[in-house]
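Structure data follow from query-v5.pdb (PDB, C-alpha atoms):
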```
ATOM      1  CA  MET A   4     -18.086  17.302  38.926
ATOM      2  CA  ASN A   5     -17.764  21.070  38.994
ATOM      3  CA  LYS A   6     -15.391  22.703  36.570
ATOM      4  CA  THR A   7     -13.111  25.593  37.425
ATOM      5  CA  TYR A   8     -13.944  28.691  35.412
ATOM      6  CA  LEU A   9     -11.052  30.286  33.554
ATOM      7  CA  ALA A  10     -11.617  33.744  32.098
ATOM      8  CA  LYS A  11     -10.629  34.456  28.522
ATOM      9  CA  LYS A  12      -9.091  37.720  27.389
ATOM     10  CA  GLU A  13     -12.063  38.503  25.123
ATOM     11  CA  GLU A  14     -14.619  38.059  27.927
ATOM     12  CA  VAL A  15     -13.146  40.696  30.237
ATOM     13  CA  LYS A  16     -15.177  43.917  30.476
ATOM     14  CA  ARG A  17     -13.014  46.796  31.619
ATOM     15  CA  GLN A  18     -14.196  49.666  33.767
ATOM     16  CA  TRP A  19     -12.358  52.773  34.987
ATOM     17  CA  TYR A  20     -12.153  54.011  38.564
ATOM     18  CA  LEU A  21     -11.099  57.401  39.940
ATOM     19  CA  VAL A  22      -9.198  57.530  43.248
ATOM     20  CA  ASP A  23      -8.604  60.787  45.109
ATOM     21  CA  ALA A  24      -5.402  60.289  47.129
ATOM     22  CA  LYS A  25      -5.667  63.563  49.057
ATOM     23  CA  ASP A  26      -4.828  62.948  52.751
ATOM     24  CA  LYS A  27      -4.873  59.165  52.231
ATOM     25  CA  ILE A  28      -2.100  56.833  53.394
ATOM     26  CA  LEU A  29       0.244  55.744  50.597
ATOM     27  CA  GLY A  30       0.324  52.000  51.292
ATOM     28  CA  ARG A  31      -3.429  51.647  51.752
ATOM     29  CA  VAL A  32      -4.174  53.419  48.491
ATOM     30  CA  ALA A  33      -1.520  51.405  46.641
ATOM     31  CA  ALA A  34      -2.836  48.081  47.978
ATOM     32  CA  LYS A  35      -6.421  48.850  46.957
ATOM     33  CA  VAL A  36      -5.366  50.096  43.515
ATOM     34  CA  ALA A  37      -3.150  47.057  42.901
ATOM     35  CA  SER A  38      -6.071  44.782  43.747
ATOM     36  CA  ILE A  39      -8.360  46.610  41.290
ATOM     37  CA  LEU A  40      -5.705  46.597  38.537
ATOM     38  CA  ARG A  41      -5.215  42.880  39.045
ATOM     39  CA  GLY A  42      -8.965  42.151  38.950
ATOM     40  CA  LYS A  43      -9.235  40.483  42.346
ATOM     41  CA  HIS A  44     -12.534  42.263  43.048
ATOM     42  CA  LYS A  45     -14.246  40.399  40.184
ATOM     43  CA  PRO A  46     -15.802  36.941  40.387
ATOM     44  CA  ILE A  47     -14.078  35.970  37.114
ATOM     45  CA  PHE A  48     -10.565  36.563  38.524
ATOM     46  CA  THR A  49      -8.013  34.264  36.936
ATOM     47  CA  PRO A  50      -4.388  34.522  38.153
ATOM     48  CA  SER A  51      -2.799  34.073  34.709
ATOM     49  CA  ILE A  52      -5.103  36.480  32.807
ATOM     50  CA  ASP A  53      -5.289  40.258  33.085
ATOM     51  CA  THR A  54      -8.904  40.630  34.279
ATOM     52  CA  GLY A  55      -8.438  43.974  36.015
ATOM     53  CA  ASP A  56      -9.878  47.437  35.512
ATOM     54  CA  GLY A  57      -8.205  50.796  34.906
ATOM     55  CA  VAL A  58      -7.486  53.278  37.701
ATOM     56  CA  ILE A  59      -6.897  57.037  37.594
ATOM     57  CA  ILE A  60      -5.244  58.509  40.706
ATOM     58  CA  ILE A  61      -5.461  62.261  41.315
ATOM     59  CA  ASN A  62      -3.829  64.445  44.009
ATOM     60  CA  ALA A  63      -0.790  62.155  44.286
ATOM     61  CA  SER A  64       1.272  65.042  45.667
ATOM     62  CA  LYS A  65      -1.018  65.279  48.728
ATOM     63  CA  ILE A  66      -0.503  61.684  49.890
ATOM     64  CA  ARG A  67       0.430  60.954  53.524
ATOM     65  CA  VAL A  68       2.726  58.402  55.142
ATOM     66  CA  THR A  69       2.830  57.250  58.757
ATOM     67  CA  GLY A  70       5.666  57.182  61.253
ATOM     68  CA  ARG A  71       9.094  58.431  60.258
ATOM     69  CA  LYS A  72       8.950  57.216  56.654
ATOM     70  CA  LEU A  73       9.415  60.709  55.193
ATOM     71  CA  LYS A  74      12.982  60.759  56.531
ATOM     72  CA  GLN A  75      13.810  57.038  56.699
ATOM     73  CA  LYS A  76      12.344  55.495  53.529
ATOM     74  CA  VAL A  77      14.893  55.577  50.713
ATOM     75  CA  TYR A  78      14.432  54.900  46.994
ATOM     76  CA  ARG A  79      17.518  53.293  45.464
ATOM     77  CA  ARG A  80      18.561  52.898  41.855
ATOM     78  CA  TYR A  81      21.807  51.602  40.453
ATOM     79  CA  SER A  82      23.375  52.650  37.158
ATOM     80  CA  GLY A  83      25.495  49.518  36.838
ATOM     81  CA  TYR A  84      28.771  51.389  37.165
ATOM     82  CA  PRO A  85      31.052  51.398  40.224
ATOM     83  CA  GLY A  86      29.827  54.073  42.624
ATOM     84  CA  GLY A  87      26.594  54.349  40.646
ATOM     85  CA  LEU A  88      24.170  53.793  43.547
ATOM     86  CA  ARG A  89      21.750  56.691  43.899
ATOM     87  CA  GLU A  90      19.617  57.078  47.021
ATOM     88  CA  VAL A  91      16.741  59.547  47.329
ATOM     89  CA  PRO A  92      14.706  59.911  50.549
ATOM     90  CA  LEU A  93      10.899  59.812  50.289
ATOM     91  CA  GLU A  94      10.685  63.468  51.376
ATOM     92  CA  ASN A  95      12.715  64.650  48.367
ATOM     93  CA  MET A  96      10.983  62.262  45.979
ATOM     94  CA  LEU A  97       7.530  63.530  47.033
ATOM     95  CA  ALA A  98       8.653  67.117  46.496
ATOM     96  CA  LYS A  99      10.130  66.523  43.033
ATOM     97  CA  ARG A 100       8.250  63.550  41.538
ATOM     98  CA  PRO A 101       5.076  62.652  43.502
ATOM     99  CA  THR A 102       3.638  60.540  40.689
ATOM    100  CA  THR A 103       6.716  58.288  40.720
ATOM    101  CA  VAL A 104       6.232  57.558  44.430
ATOM    102  CA  MET A 105       2.683  56.333  43.824
ATOM    103  CA  HIS A 106       3.665  54.458  40.648
ATOM    104  CA  LEU A 107       6.454  52.556  42.406
ATOM    105  CA  ALA A 108       4.236  51.718  45.390
ATOM    106  CA  VAL A 109       1.589  50.154  43.126
ATOM    107  CA  GLN A 110       4.049  48.531  40.704
ATOM    108  CA  ARG A 111       5.886  46.756  43.513
ATOM    109  CA  MET A 112       2.589  45.170  44.644
ATOM    110  CA  LEU A 113       1.974  43.650  41.208
ATOM    111  CA  PRO A 114       3.571  40.470  39.844
ATOM    112  CA  GLY A 115       6.765  40.719  37.846
ATOM    113  CA  GLY A 116       6.972  39.594  34.248
ATOM    114  CA  PRO A 117       4.671  40.137  31.274
ATOM    115  CA  LEU A 118       1.435  40.059  33.289
ATOM    116  CA  GLY A 119       2.616  42.793  35.663
ATOM    117  CA  ARG A 120       3.900  44.938  32.794
ATOM    118  CA  ASP A 121       0.528  44.741  31.032
ATOM    119  CA  THR A 122      -1.347  45.435  34.266
ATOM    120  CA  ILE A 123       0.564  48.604  35.217
ATOM    121  CA  LYS A 124      -0.300  50.188  31.849
ATOM    122  CA  LYS A 125      -3.889  50.645  33.058
ATOM    123  CA  LEU A 126      -2.744  53.002  35.841
ATOM    124  CA  LYS A 127      -2.782  56.769  35.274
ATOM    125  CA  ILE A 128      -1.425  59.070  38.008
ATOM    126  CA  TYR A 129      -1.659  62.866  38.302
ATOM    127  CA  ALA A 130      -0.124  65.145  40.947
ATOM    128  CA  ASP A 131      -3.095  67.536  41.024
ATOM    129  CA  ASP A 132      -6.851  67.131  40.616
ATOM    130  CA  LYS A 133      -6.980  67.533  36.808
ATOM    131  CA  HIS A 134      -6.971  64.569  34.421
ATOM    132  CA  PRO A 135      -7.812  64.175  30.698
ATOM    133  CA  TYR A 136      -9.917  61.012  31.088
ATOM    134  CA  ALA A 137     -13.385  62.447  31.719
ATOM    135  CA  SER A 138     -14.607  60.730  28.537
ATOM    136  CA  LEU A 139     -14.041  57.318  30.152
ATOM    137  CA  LYS A 140     -16.655  58.217  32.811
ATOM    138  CA  PRO A 141     -14.638  56.784  35.731
ATOM    139  CA  GLN A 142     -16.507  55.708  38.859
ATOM    140  CA  VAL A 143     -15.300  57.319  42.083
ATOM    141  CA  LEU A 144     -13.637  54.707  44.279
ATOM    142  CA  GLU A 145     -13.408  55.367  48.019
ATOM    143  CA  VAL A 146     -10.271  53.950  49.623
TER     144      VAL A 146
END
```

Written form, structure tokens:
Amino acid sequence: MNKTYLAKKEEVKRQWYLVDAKDKILGRVAAKVASILRGKHKPIFTPSIDTGDGVIIINASKIRVTGRKLKQKVYRRYSGYPGGLREVPLENMLAKRPTTVMHLAVQRMLPGGPLGRDTIKKLKIYADDKHPYASLKPQVLEV
């Protein structure tokens, strides 16, 4: 009988990847990054263990979207009070907080709960092409 391999937290070797989001489509970048953060590209992938690698995204302010999403896609948040619903279109969000757009796109592709919260901590996003993680020697990842 063959046994199913289950990775242990101590056995996971982490690596860092660098993604340049300039002129890339938001959803495609987010899907690839979520897969890397989760560890699905590794042969030791285990659904209940965080086996993923770290990702640094640069040029988040230069991301593209298709169709009419700039005008139609809306980010909603609710304060909990009556009349406390706030809606911000993607166009305004990209102008003011481009890193939040990318962060939300990736976070919403990850599982909820403790595993997803631990996984999203390995994601670093920057609006321009400068980042302070050169010492990690990240590999360039083409999306």

Checklist line | Residue nearest Val104 of chain A - candidates A:Lys35, A:Arg120, A:Lys125, A:Arg67, atoms counted: only C-alpha atoms | finding: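 For Val104 of chain A, the nearest of the candidates is A:Arg67.
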
Return as JSON the centre and edge lengths, in Å with one decimal, of the box along x, y and z that encloses every atom of segment 9-20 of chain A in the file, padded by 6 Å per side.
```
{"center_x": -12.1, "center_y": 42.1, "center_z": 31.8, "size_x": 18.1, "size_y": 35.7, "size_z": 25.4}
```

A straight line from atom CA of Lys27 of chain A to atom CA of Phe48 of chain A spans 27.0 Å

Q.
For a test of reading the model, state the distance in Å between atom CA of Arg111 of chain A and atom CA of Leu88 of chain A, rounded to one decimal.
A.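 Computing it gives 19.6 Å between the two atoms.
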
Could you expand the PyMOL selection byres ((chain A and resi 106) around 9) into the explicit residues it covers here, written as a PyMOL selection string?
chain A and resi 33+101-105+107-111+123+126-128

For C-alpha atoms, I'd like the residues from the last selection saved as a PDB file, in the coordinates of the input.
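Result file follows (part-v5.pdb):
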```pdb
ATOM      1  CA  ALA A  33      -1.520  51.405  46.641  1.00  0.00           C
ATOM      2  CA  PRO A 101       5.076  62.652  43.502  1.00  0.00           C
ATOM      3  CA  THR A 102       3.638  60.540  40.689  1.00  0.00           C
ATOM      4  CA  THR A 103       6.716  58.288  40.720  1.00  0.00           C
ATOM      5  CA  VAL A 104       6.232  57.558  44.430  1.00  0.00           C
ATOM      6  CA  MET A 105       2.683  56.333  43.824  1.00  0.00           C
ATOM      7  CA  LEU A 107       6.454  52.556  42.406  1.00  0.00           C
ATOM      8  CA  ALA A 108       4.236  51.718  45.390  1.00  0.00           C
ATOM      9  CA  VAL A 109       1.589  50.154  43.126  1.00  0.00           C
ATOM     10  CA  GLN A 110       4.049  48.531  40.704  1.00  0.00           C
ATOM     11  CA  ARG A 111       5.886  46.756  43.513  1.00  0.00           C
ATOM     12  CA  ILE A 123       0.564  48.604  35.217  1.00  0.00           C
ATOM     13  CA  LEU A 126      -2.744  53.002  35.841  1.00  0.00           C
ATOM     14  CA  LYS A 127      -2.782  56.769  35.274  1.00  0.00           C
ATOM     15  CA  ILE A 128      -1.425  59.070  38.008  1.00  0.00           C
TER      16      ILE A 128
END
```

Quick check, in Å to one decimal: how far apart do atom CA of Leu139 of chain A and atom CA of Val22 of chain A lie?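 About the pair atom CA of Leu139 of chain A and atom CA of Val22 of chain A: they are 14.0 Å apart.
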
What do you get, as a count of residues only, if you spell out every residue that the PyMOL selection byres ((chain A and resi 53) around 8) selects here? 12

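With all atoms listed in the file as the atoms that count, the residue of A:Ala37, A:Ile59, A:Ala10, A:Leu113 with the shortest distance to Ala137 of chain A is A:Ile59.
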
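With only C-alpha atoms as the basis for measurement, A:Ile61 is the residue among A:Leu40, A:Ala24, A:Ile61, A:Met4 that approaches Ala130 of chain A most closely.
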
| field | Resolved residues for the PyMOL selection byres ((chain A and resi 94) around 9) as a list in words | value |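 When the PyMOL selection byres ((chain A and resi 94) around 9) is applied to the shown file, the picked residues are Lys72, Leu73, Lys74, Gln75, Lys76, Val77, Val91, Pro92, Leu93, Asn95, Met96, Leu97, Ala98 and Lys99 of chain A.
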
Among A:Gly119, A:Val68, A:Val143, A:Ser82, Gly30 of chain A is approached most closely, using all atoms listed in the file, by A:Val68

* **Expected answer as a PyMOL selection string: all residues with atoms within 9 Å of (-10.0, 63.5, 35.9), all atoms listed in the file** => chain A and resi 21+59-61+129+132-137+141

If you count only C-alpha atoms, the residue of A:Asn5, A:Arg89, A:Lys16, A:Asp23 closest to Leu144 of chain A turns out to be A:Asp23

- request: Find, counting all atoms listed in the file, the residue in A:Pro117, A:Arg17, A:Leu9, A:Glu90 that gets nearest to Tyr78 of chain A.
  value: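 Among the listed residues, A:Glu90 lies closest to Tyr78 of chain A.
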